[in-house]
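Enquirer: Encoded as structure tokens, here's the structure I'll be asking about.
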Amino acid sequence: MGFTDYSIIDIGLPEAGRYSGVIVVVDSLRQWEGLSTTGYETRKALAASILIDRLERMMPGVKEEIEAYDVVTPRTIHRQTNNPAGTPYGFAHIPSQQGLHRLGYASPVRGLYFASAWSRPGAGYLGAICGGYNCAKQVLREVR
Ligand SMILES: Cc1cc2nc3c(=O)[nH]c(=O)nc-3n(C[C@H](O)[C@H](O)[C@H](O)COP(=O)(O)OP(=O)(O)OC[C@H]3O[C@@H](n4cnc5c(N)ncnc54)[C@H](O)[C@@H]3O)c2cc1C
């Protein structure tokens with residue numbers, strides 16, 4: 001698992017003197033499908049408890065400091081973004097689908113372009129921002 005401690009920068013979310021952090025693990029929508037509301041909440045609580053215990057082993061005392069937490073699953077991301085299988089990163093990051101191997105901006109439909117984590121150069125904020133910029137430049141070139 002990965003843990004990001006955001007206390008090093010002021011992201012403006014928590015009140016002064018409080019800090020936020022994020023634990024990230026690889027996950028799959030399959031683990032969260034077909035559960036009742038209670039089953040889903042129970043599994044989320046179990047996941048939180050296991051991950052916080054792991055964090056406590058890495059950073060003794062951190063558990064005592066946690067005032068509030070939330071668990072975000074691929075199901076949450078699917079609900080919020082409509083991305084298939086709840087992926088925020090588009091196509092899998094394997095060499096054959098990375099960089100120039102990802103979808104280009106122009107589509108077979110005239111006037112329809114792609115700019116997102118699914119297209120070049122790839123996912124993440126930087127990937128989506130660069131993709132949008134490059135796509136806009138291509139649209140402008142073609143319009144002119
Ligand atoms: C919890 C989390 C943490 C992350 N952390 C980082 C990070 O630290 N650094 C980093 O670089 N990247 C991070 N990412 C990844 C990054 O957020 C994404 O790769 C990036 O936002 C993808 O941009 P996008 O424009 O392709 O899609 P999105 O940002 O998913 O935008 C798609 C938009 O389309 C809307 N939409 C979907 N379907 C429809 C429809 N039918 N009609 C109208 N609107 C629709 C959605 O509501 C959404 O607003 C993180 C993602 C998550 C979920």
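By convention here, the chains of the structure tokens are called A, B, ... in the order presented, each chain's residues are numbered starting at 1, and ligands are numbered starting at 1 in the order presented.
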Can I get the residues close to ligand 1 as number ranges by chain, where close means within 12 Å and we count only C-alpha atoms and all ligand atoms?

Expert: A: 2-6, 21-27, 70-93, 114-133

Enquirer: From a backbone DSSP assignment, name each residue in stretch 32-96 of chain A labelled helix (DSSP H, G or I), as a PyMOL selection string.

Expert: chain A and resi 32+37-58+62-65+74-81+84-86+95-96

Enquirer: Distance atom CA of A:Gly17-atom CA of A:Gly61, one decimal place?

Expert: 17.1 Å

Enquirer: Atom CA of A:Gly12 to atom CA of A:Ile50: how many Å, to one decimal?

Expert: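 Separation between atom CA of A:Gly12 and atom CA of A:Ile50: 28.2 Å.
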
Enquirer: Please provide the set of residues having any atom within 10 Å of A:Gln138, restricted to only C-alpha atoms, with same-chain residues fewer than 6 positions apart removed, written as a PyMOL selection string.

Expert: chain A and resi 105-106+113+132+144

Enquirer: Go ahead and write the selection's residues with N, CA and C atoms as a PDB file, in the first residue's frame.

Expert:
ATOM      1  N   TYR A 105      -6.136  11.938 -30.678  1.00  0.00           N
ATOM      2  CA  TYR A 105      -7.188  12.923 -30.360  1.00  0.00           C
ATOM      3  C   TYR A 105      -8.346  12.875 -31.353  1.00  0.00           C
ATOM      4  N   ALA A 106      -8.013  12.742 -32.654  1.00  0.00           N
ATOM      5  CA  ALA A 106      -9.076  12.745 -33.662  1.00  0.00           C
ATOM      6  C   ALA A 106      -9.804  11.403 -33.659  1.00  0.00           C
ATOM      7  N   TYR A 113     -13.473  14.744 -31.037  1.00  0.00           N
ATOM      8  CA  TYR A 113     -12.096  14.539 -30.561  1.00  0.00           C
ATOM      9  C   TYR A 113     -12.126  13.926 -29.159  1.00  0.00           C
ATOM     10  N   GLY A 132      -5.565  17.513 -23.014  1.00  0.00           N
ATOM     11  CA  GLY A 132      -6.522  18.566 -23.368  1.00  0.00           C
ATOM     12  C   GLY A 132      -5.852  19.677 -24.164  1.00  0.00           C
ATOM     13  N   ARG A 144      -8.423  26.070 -38.523  1.00  0.00           N
ATOM     14  CA  ARG A 144      -7.813  27.133 -39.327  1.00  0.00           C
ATOM     15  C   ARG A 144      -7.520  26.627 -40.742  1.00  0.00           C
TER      16      ARG A 144
END

Enquirer: Rounded to one decimal, what separation in Å do you get between atom CA of A:Arg54 and atom CA of A:Arg30?

Expert: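 So the two atoms, atom CA of A:Arg54 and atom CA of A:Arg30, lie 23.2 Å apart.
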
Enquirer: For each of A:Asn134, A:Ser20, A:Ser7, A:Ser96, take the minimum atom-to-atom distance to A:Ala68, counting only C-alpha atoms, then give the residue where this is smallest.

Expert: A:Ser20

Enquirer: Quick one: of A:Leu29, A:Val143, A:Ile66, A:Leu112, who's nearest to A:Ser49, counting only C-alpha atoms?

Expert: A:Ile66

Enquirer: Apply DSSP to the structure's backbone, then extract all residues of stretch 13-75 of chain A labelled strand (DSSP E) and return them as a ChimeraX atom specification.

Expert: /A:21-24
